[in-house]
file final.cif (mmCIF, C-alpha atoms, pLDDT in the B column; chains and numbers go by the auth columns)
data_target
#
loop_
_atom_site.group_PDB
_atom_site.id
_atom_site.type_symbol
_atom_site.label_atom_id
_atom_site.label_comp_id
_atom_site.label_asym_id
_atom_site.label_seq_id
_atom_site.Cartn_x
_atom_site.Cartn_y
_atom_site.Cartn_z
_atom_site.B_iso_or_equiv
_atom_site.auth_seq_id
_atom_site.auth_asym_id
ATOM 1 C CA MET A 1 -4.731 -3.671 20.261 88.00 10 A
ATOM 2 C CA PHE A 2 -1.285 -2.715 19.090 96.00 11 A
ATOM 3 C CA HIS A 3 1.744 -2.112 21.288 97.00 12 A
ATOM 4 C CA VAL A 4 4.375 0.614 21.434 97.00 13 A
ATOM 5 C CA GLY A 5 6.982 -0.080 18.777 97.00 14 A
ATOM 6 C CA ASP A 6 4.635 -2.030 16.479 98.00 15 A
ATOM 7 C CA LEU A 7 4.717 -1.230 12.780 98.00 16 A
ATOM 8 C CA ILE A 8 1.226 -0.952 11.351 98.00 17 A
ATOM 9 C CA VAL A 9 -0.537 0.073 8.168 97.00 18 A
ATOM 10 C CA TYR A 10 -2.795 3.008 9.007 96.00 19 A
ATOM 11 C CA GLY A 11 -5.414 3.824 6.375 92.00 20 A
ATOM 12 C CA SER A 12 -4.010 5.503 3.310 89.00 21 A
ATOM 13 C CA GLU A 13 -1.129 6.907 5.391 93.00 22 A
ATOM 14 C CA GLY A 14 0.802 3.679 4.957 95.00 23 A
ATOM 15 C CA VAL A 15 3.312 2.280 7.410 97.00 24 A
ATOM 16 C CA CYS A 16 3.480 3.942 10.820 98.00 25 A
ATOM 17 C CA ARG A 17 5.239 3.130 14.082 98.00 26 A
ATOM 18 C CA VAL A 18 3.178 3.134 17.272 98.00 27 A
ATOM 19 C CA ASP A 19 5.074 5.558 19.526 97.00 28 A
ATOM 20 C CA ALA A 20 2.646 5.759 22.435 95.00 29 A
ATOM 21 C CA ILE A 21 -0.761 4.648 23.660 94.00 30 A
ATOM 22 C CA GLY A 22 -2.772 6.875 25.956 90.00 31 A
ATOM 23 C CA VAL A 23 -3.986 10.443 26.083 87.00 32 A
ATOM 24 C CA PRO A 24 -1.509 12.656 24.180 85.00 33 A
ATOM 25 C CA GLU A 25 -0.090 15.572 26.169 80.00 34 A
ATOM 26 C CA ILE A 26 -1.488 18.039 23.657 78.00 35 A
ATOM 27 C CA PHE A 27 -5.031 16.843 24.489 73.00 36 A
ATOM 28 C CA ASP A 28 -7.136 17.550 27.556 68.00 37 A
ATOM 29 C CA SER A 29 -5.652 15.314 30.253 62.00 38 A
ATOM 30 C CA ASN A 30 -9.120 14.705 31.752 63.00 39 A
ATOM 31 C CA GLN A 31 -10.092 12.775 28.667 73.00 40 A
ATOM 32 C CA ASP A 32 -10.741 9.046 29.103 79.00 41 A
ATOM 33 C CA LYS A 33 -10.334 8.076 25.463 85.00 42 A
ATOM 34 C CA GLN A 34 -7.118 6.229 24.560 90.00 43 A
ATOM 35 C CA TYR A 35 -5.150 7.208 21.447 92.00 44 A
ATOM 36 C CA TYR A 36 -2.358 5.761 19.384 95.00 45 A
ATOM 37 C CA THR A 37 0.420 8.220 18.696 95.00 46 A
ATOM 38 C CA LEU A 38 1.771 7.194 15.305 97.00 47 A
ATOM 39 C CA SER A 39 4.844 8.245 13.374 97.00 48 A
ATOM 40 C CA PRO A 40 4.483 7.758 9.622 97.00 49 A
ATOM 41 C CA LEU A 41 7.698 6.223 8.288 96.00 50 A
ATOM 42 C CA TYR A 42 7.646 8.027 4.949 94.00 51 A
ATOM 43 C CA ARG A 43 6.659 11.557 5.832 94.00 52 A
ATOM 44 C CA GLN A 44 7.170 14.050 8.632 95.00 53 A
ATOM 45 C CA GLY A 45 4.590 14.520 11.356 94.00 54 A
ATOM 46 C CA THR A 46 2.574 12.684 13.940 95.00 55 A
ATOM 47 C CA VAL A 47 -0.840 11.073 13.746 95.00 56 A
ATOM 48 C CA TYR A 48 -3.116 10.849 16.783 93.00 57 A
ATOM 49 C CA THR A 49 -5.941 8.391 16.359 94.00 58 A
ATOM 50 C CA PRO A 50 -8.365 6.871 18.838 93.00 59 A
ATOM 51 C CA VAL A 51 -7.609 3.241 19.660 93.00 60 A
ATOM 52 C CA ASP A 52 -11.176 2.433 18.589 93.00 61 A
ATOM 53 C CA THR A 53 -11.021 4.405 15.326 92.00 62 A
ATOM 54 C CA LYS A 54 -12.931 3.299 12.243 93.00 63 A
ATOM 55 C CA VAL A 55 -9.845 4.017 10.099 94.00 64 A
ATOM 56 C CA PHE A 56 -8.336 0.778 8.807 94.00 65 A
ATOM 57 C CA MET A 57 -5.328 -0.469 10.764 96.00 66 A
ATOM 58 C CA ARG A 58 -3.427 -3.748 10.598 97.00 67 A
ATOM 59 C CA PRO A 59 0.053 -5.035 11.392 97.00 68 A
ATOM 60 C CA VAL A 60 2.513 -4.974 8.510 98.00 69 A
ATOM 61 C CA ILE A 61 2.860 -8.279 6.690 97.00 70 A
ATOM 62 C CA SER A 62 5.769 -10.568 7.510 97.00 71 A
ATOM 63 C CA LYS A 63 8.915 -10.823 5.411 97.00 72 A
ATOM 64 C CA GLN A 64 7.835 -14.295 4.275 97.00 73 A
ATOM 65 C CA GLU A 65 4.400 -13.008 3.251 97.00 74 A
ATOM 66 C CA ALA A 66 6.078 -10.283 1.161 97.00 75 A
ATOM 67 C CA ILE A 67 8.373 -12.837 -0.506 95.00 76 A
ATOM 68 C CA ASP A 68 5.406 -15.134 -1.205 95.00 77 A
ATOM 69 C CA LEU A 69 3.437 -12.229 -2.695 95.00 78 A
ATOM 70 C CA ILE A 70 6.333 -11.293 -4.954 95.00 79 A
ATOM 71 C CA LYS A 71 6.583 -14.921 -6.094 93.00 80 A
ATOM 72 C CA SER A 72 2.845 -14.880 -6.883 93.00 81 A
ATOM 73 C CA ILE A 73 3.004 -11.729 -9.050 92.00 82 A
ATOM 74 C CA PRO A 74 3.055 -13.637 -12.369 89.00 83 A
ATOM 75 C CA GLU A 75 -0.224 -15.350 -11.408 90.00 84 A
ATOM 76 C CA ILE A 76 -2.007 -12.206 -10.173 88.00 85 A
ATOM 77 C CA ASP A 77 -4.802 -11.141 -12.498 84.00 86 A
ATOM 78 C CA ASP A 78 -3.857 -8.090 -14.553 80.00 87 A
ATOM 79 C CA ARG A 79 -7.281 -7.594 -16.114 82.00 88 A
ATOM 80 C CA VAL A 80 -7.658 -3.909 -16.956 81.00 89 A
ATOM 81 C CA ILE A 81 -10.059 -1.945 -14.776 79.00 90 A
ATOM 82 C CA GLU A 82 -11.978 -0.022 -17.392 79.00 91 A
ATOM 83 C CA ASN A 83 -14.755 2.532 -17.483 78.00 92 A
ATOM 84 C CA ARG A 84 -15.237 5.683 -19.540 80.00 93 A
ATOM 85 C CA ASN A 85 -16.960 7.383 -16.611 86.00 94 A
ATOM 86 C CA ILE A 86 -14.151 8.815 -14.467 88.00 95 A
ATOM 87 C CA ARG A 87 -16.236 8.720 -11.282 92.00 96 A
ATOM 88 C CA ILE A 88 -17.098 5.042 -11.733 90.00 97 A
ATOM 89 C CA LEU A 89 -13.492 4.184 -12.627 89.00 98 A
ATOM 90 C CA SER A 90 -12.311 5.964 -9.492 91.00 99 A
ATOM 91 C CA GLU A 91 -14.887 4.091 -7.388 92.00 100 A
ATOM 92 C CA LYS A 92 -13.695 0.757 -8.816 90.00 101 A
ATOM 93 C CA TYR A 93 -10.104 1.544 -7.831 91.00 102 A
ATOM 94 C CA GLN A 94 -11.190 2.749 -4.394 91.00 103 A
ATOM 95 C CA GLU A 95 -13.199 -0.414 -3.831 90.00 104 A
ATOM 96 C CA THR A 96 -10.241 -2.614 -4.732 88.00 105 A
ATOM 97 C CA MET A 97 -7.805 -0.625 -2.601 89.00 106 A
ATOM 98 C CA LYS A 98 -9.939 -0.156 0.501 88.00 107 A
ATOM 99 C CA SER A 99 -9.147 -3.686 1.680 88.00 108 A
ATOM 100 C CA HIS A 100 -5.549 -2.511 2.181 91.00 109 A
ATOM 101 C CA ASN A 101 -4.622 -6.049 1.184 93.00 110 A
ATOM 102 C CA CYS A 102 -1.234 -6.242 -0.546 95.00 111 A
ATOM 103 C CA GLU A 103 -2.530 -8.667 -3.162 93.00 112 A
ATOM 104 C CA ASP A 104 -5.319 -6.223 -4.064 93.00 113 A
ATOM 105 C CA LEU A 105 -2.761 -3.418 -4.305 94.00 114 A
ATOM 106 C CA LEU A 106 -0.621 -5.611 -6.572 94.00 115 A
ATOM 107 C CA ARG A 107 -3.699 -6.265 -8.704 92.00 116 A
ATOM 108 C CA VAL A 108 -4.182 -2.504 -9.170 93.00 117 A
ATOM 109 C CA VAL A 109 -0.503 -2.049 -10.049 94.00 118 A
ATOM 110 C CA LYS A 110 -0.533 -4.909 -12.564 92.00 119 A
ATOM 111 C CA SER A 111 -3.831 -3.769 -14.075 91.00 120 A
ATOM 112 C CA VAL A 112 -2.682 -0.190 -14.601 94.00 121 A
ATOM 113 C CA HIS A 113 0.716 -1.329 -15.854 92.00 122 A
ATOM 114 C CA HIS A 114 -1.030 -3.580 -18.392 91.00 123 A
ATOM 115 C CA LYS A 115 -3.365 -0.731 -19.356 92.00 124 A
ATOM 116 C CA LYS A 116 -0.375 1.595 -19.849 93.00 125 A
ATOM 117 C CA ARG A 117 1.255 -0.892 -22.240 91.00 126 A
ATOM 118 C CA LEU A 118 -1.989 -1.125 -24.225 90.00 127 A
ATOM 119 C CA MET A 119 -2.302 2.683 -24.364 90.00 128 A
ATOM 120 C CA ASP A 120 1.351 3.053 -25.429 92.00 129 A
ATOM 121 C CA LYS A 121 0.720 0.717 -28.357 93.00 130 A
ATOM 122 C CA LYS A 122 -2.145 2.986 -29.435 92.00 131 A
ATOM 123 C CA GLY A 123 0.004 6.087 -29.022 94.00 132 A
ATOM 124 C CA LYS A 124 -2.181 7.332 -26.157 92.00 133 A
ATOM 125 C CA LYS A 125 -1.470 8.363 -22.607 93.00 134 A
ATOM 126 C CA LEU A 126 -2.768 6.812 -19.436 91.00 135 A
ATOM 127 C CA GLY A 127 -5.610 8.718 -17.766 91.00 136 A
ATOM 128 C CA GLN A 128 -5.191 10.766 -14.588 93.00 137 A
ATOM 129 C CA VAL A 129 -7.408 8.448 -12.526 93.00 138 A
ATOM 130 C CA ASP A 130 -5.319 5.434 -13.513 94.00 139 A
ATOM 131 C CA GLU A 131 -2.107 7.322 -12.750 95.00 140 A
ATOM 132 C CA LYS A 132 -3.418 8.483 -9.366 95.00 141 A
ATOM 133 C CA TYR A 133 -4.364 5.022 -8.132 95.00 142 A
ATOM 134 C CA TYR A 134 -1.263 3.425 -9.608 95.00 143 A
ATOM 135 C CA LYS A 135 0.954 5.848 -7.682 96.00 144 A
ATOM 136 C CA LYS A 136 -1.061 5.363 -4.498 96.00 145 A
ATOM 137 C CA ALA A 137 -0.913 1.550 -4.744 95.00 146 A
ATOM 138 C CA VAL A 138 2.823 1.571 -5.535 96.00 147 A
ATOM 139 C CA ASP A 139 3.514 3.956 -2.647 96.00 148 A
ATOM 140 C CA LEU A 140 1.628 1.799 -0.140 96.00 149 A
ATOM 141 C CA LEU A 141 3.134 -1.475 -1.398 96.00 150 A
ATOM 142 C CA HIS A 142 6.684 -0.222 -1.636 97.00 151 A
ATOM 143 C CA GLY A 143 6.466 1.318 1.819 97.00 152 A
ATOM 144 C CA GLU A 144 5.334 -1.905 3.418 97.00 153 A
ATOM 145 C CA PHE A 145 7.694 -4.127 1.406 98.00 154 A
ATOM 146 C CA ALA A 146 10.648 -1.858 2.223 98.00 155 A
ATOM 147 C CA VAL A 147 10.019 -2.210 5.946 97.00 156 A
ATOM 148 C CA VAL A 148 9.608 -5.982 6.001 97.00 157 A
ATOM 149 C CA LEU A 149 12.382 -6.711 3.470 97.00 158 A
ATOM 150 C CA ASP A 150 14.681 -4.209 5.199 97.00 159 A
ATOM 151 C CA ILE A 151 15.597 -2.353 2.022 97.00 160 A
ATOM 152 C CA PRO A 152 15.213 1.311 1.038 97.00 161 A
ATOM 153 C CA LYS A 153 11.782 2.163 -0.350 96.00 162 A
ATOM 154 C CA GLU A 154 13.291 3.419 -3.604 96.00 163 A
ATOM 155 C CA ASP A 155 14.913 -0.021 -4.176 97.00 164 A
ATOM 156 C CA VAL A 156 11.691 -2.035 -3.881 97.00 165 A
ATOM 157 C CA GLY A 157 10.707 -1.692 -7.547 94.00 166 A
ATOM 158 C CA ASN A 158 14.044 -3.124 -8.717 95.00 167 A
ATOM 159 C CA TYR A 159 13.916 -5.838 -6.050 95.00 168 A
ATOM 160 C CA ILE A 160 10.495 -6.958 -7.298 94.00 169 A
ATOM 161 C CA ALA A 161 11.478 -6.714 -10.982 92.00 170 A
ATOM 162 C CA ASN A 162 14.633 -8.793 -10.402 92.00 171 A
ATOM 163 C CA HIS A 163 12.722 -11.475 -8.504 89.00 172 A
ATOM 164 C CA VAL A 164 9.952 -11.687 -11.105 87.00 173 A
ATOM 165 C CA LYS A 165 12.568 -11.838 -13.888 87.00 174 A
ATOM 166 C CA SER A 166 14.376 -14.626 -12.031 86.00 175 A
ATOM 167 C CA LEU A 167 11.112 -16.558 -11.661 78.00 176 A
ATOM 168 C CA LYS A 168 10.442 -16.247 -15.400 75.00 177 A
ATOM 169 C CA GLU A 169 13.957 -17.471 -16.222 77.00 178 A
ATOM 170 C CA GLN A 170 13.522 -20.472 -13.923 79.00 179 A
ATOM 171 C CA ALA A 171 10.220 -21.310 -15.624 71.00 180 A
ATOM 172 C CA ASP A 172 11.799 -21.245 -19.107 66.00 181 A
#
call {"tool": "encode", "arguments": {"input": "final.cif", "output": "structure tokens"}}
result
Amino acid sequence: MFHVGDLIVYGSEGVCRVDAIGVPEIFDSNQDKQYYTLSPLYRQGTVYTPVDTKVFMRPVISKQEAIDLIKSIPEIDDRVIENRNIRILSEKYQETMKSHNCEDLLRVVKSVHHKKRLMDKKGKKLGQVDEKYYKKAVDLLHGEFAVVLDIPKEDVGNYIANHVKSLKEQAD
């Protein structure tokens, strides 16, 4: 069970702060079911979810885990997720992303980025399914990394690129 003030990853919503635990005032006060009242960090609004929900929830990773993941980026498999059938391609991305594991999200980002480079060489554009899951994975990763690294979300991409570049320079 989480506590008030905890930062958690809630499903595809991304990072949320636990603001309250109990029966929200807007609900029937006779209700016995406990709810988390969550505030998404990167959009307006409030999420009410039962404490025992089936929606994926986990604490955000630590700062050290984020740094270690960034250091591991060069070794993460960037094998292209490929399928001509859009539905099957979408299912493959969903399957990879449903773990909500940052390494899996990085794998999607690297795979699509690699695929985009290959398509650019052929003079073609990346497909909508690839774009959709790339944006979703980047949004979730950057949101979580921003919180734990204490930097603005819009700076995460440059932060990662600079660290990966530095690692490559050290290896040379």
call {"tool": "atom_distance", "arguments": {"input": "final.cif", "atom1": "atom CA of A:Ser48", "atom2": "atom CA of A:Gln103"}}
result
24.6 Å
call {"tool": "residues_around", "arguments": {"input": "final.cif", "residues": "A:His122", "least_positions_apart": "4", "cutoff": "9 Å", "atoms": "only C-alpha atoms", "output": "JSON, numbers by chain"}}
result
{"A": [87, 89, 117, 118, 126, 127, 143]}
call {"tool": "resolve_selection", "arguments": {"input": "final.cif", "expression": "the PyMOL selection byres ((chain A and resi 163) around 12)", "output": "JSON, numbers by chain"}}
result
{"A": [51, 147, 148, 150, 151, 152, 153, 154, 155, 156, 159, 160, 161, 162, 164, 165, 166, 167, 168, 169]}
call {"tool": "resolve_selection", "arguments": {"input": "final.cif", "expression": "the PyMOL selection byres ((chain A and resi 46) around 6)", "output": "list in words"}}
result
Val27, Asp28, Ala29, Tyr45, Leu47, Val56 and Tyr57 of chain A
call {"tool": "closest_residue", "arguments": {"input": "final.cif", "among": "A:Ala146, A:Ile85, A:Ile30, A:Leu78", "to": "A:Thr105", "atoms": "all atoms listed in the file"}}
result
A:Ala146
call {"tool": "atom_distance", "arguments": {"input": "final.cif", "atom1": "atom CA of A:Arg88", "atom2": "atom CA of A:Val64"}}
result
28.8 Å
call {"tool": "atom_distance", "arguments": {"input": "final.cif", "atom1": "atom CA of A:Glu91", "atom2": "atom CA of A:Lys134"}}
result
14.4 Å
call {"tool": "closest_residue", "arguments": {"input": "final.cif", "among": "A:Glu100, A:Glu112, A:Glu22, A:Asp129", "to": "A:Tyr142", "atoms": "only C-alpha atoms"}}
result
A:Glu100
call {"tool": "resolve_selection", "arguments": {"input": "final.cif", "expression": "the PyMOL selection byres ((chain A and resi 72) around 9)", "output": "PDB file with C-alpha atoms, in the coordinates of the input"}}
result
ATOM      1  CA  ILE A  70       2.860  -8.279   6.690  1.00 97.00           C
ATOM      2  CA  SER A  71       5.769 -10.568   7.510  1.00 97.00           C
ATOM      3  CA  GLN A  73       7.835 -14.295   4.275  1.00 97.00           C
ATOM      4  CA  GLU A  74       4.400 -13.008   3.251  1.00 97.00           C
ATOM      5  CA  ALA A  75       6.078 -10.283   1.161  1.00 97.00           C
ATOM      6  CA  ILE A  76       8.373 -12.837  -0.506  1.00 95.00           C
ATOM      7  CA  ASP A  77       5.406 -15.134  -1.205  1.00 95.00           C
ATOM      8  CA  PHE A 154       7.694  -4.127   1.406  1.00 98.00           C
ATOM      9  CA  VAL A 156      10.019  -2.210   5.946  1.00 97.00           C
ATOM     10  CA  VAL A 157       9.608  -5.982   6.001  1.00 97.00           C
ATOM     11  CA  LEU A 158      12.382  -6.711   3.470  1.00 97.00           C
ATOM     12  CA  ASP A 159      14.681  -4.209   5.199  1.00 97.00           C
TER      13      ASP A 159
END
call {"tool": "closest_residue", "arguments": {"input": "final.cif", "among": "A:Ala180, A:Met10, A:Val173, A:Met128", "to": "A:Pro83", "atoms": "only C-alpha atoms"}}
result
A:Val173
call {"tool": "closest_residue", "arguments": {"input": "final.cif", "among": "A:Val138, A:Ile90, A:Cys25, A:Ile97", "to": "A:Thr58", "atoms": "only C-alpha atoms"}}
result
A:Cys25
call {"tool": "closest_residue", "arguments": {"input": "final.cif", "among": "A:Asp139, A:Arg67, A:Cys111, A:Gly54", "to": "A:Arg93", "atoms": "all atoms listed in the file"}}
result
A:Asp139
call {"tool": "axis_aligned_box", "arguments": {"input": "final.cif", "around": "stretch 85-102 of chain A", "padding_each_side": "4 Å", "output": "JSON"}}
result
{"center_x": -9.6, "center_y": -1.7, "center_z": -13.5, "size_x": 23.1, "size_y": 29.0, "size_z": 20.2}
call {"tool": "residues_around", "arguments": {"input": "final.cif", "residues": "A:Val18", "least_positions_apart": "3", "cutoff": "9 Å", "atoms": "all atoms listed in the file", "output": "VMD selection string"}}
result
chain A and resid 21 to 26 65 to 69 109 149 153
call {"tool": "closest_residue", "arguments": {"input": "final.cif", "among": "A:Val32, A:Arg96, A:Asn110, A:Pro49", "to": "A:Asp15", "atoms": "only C-alpha atoms"}}
result
A:Pro49
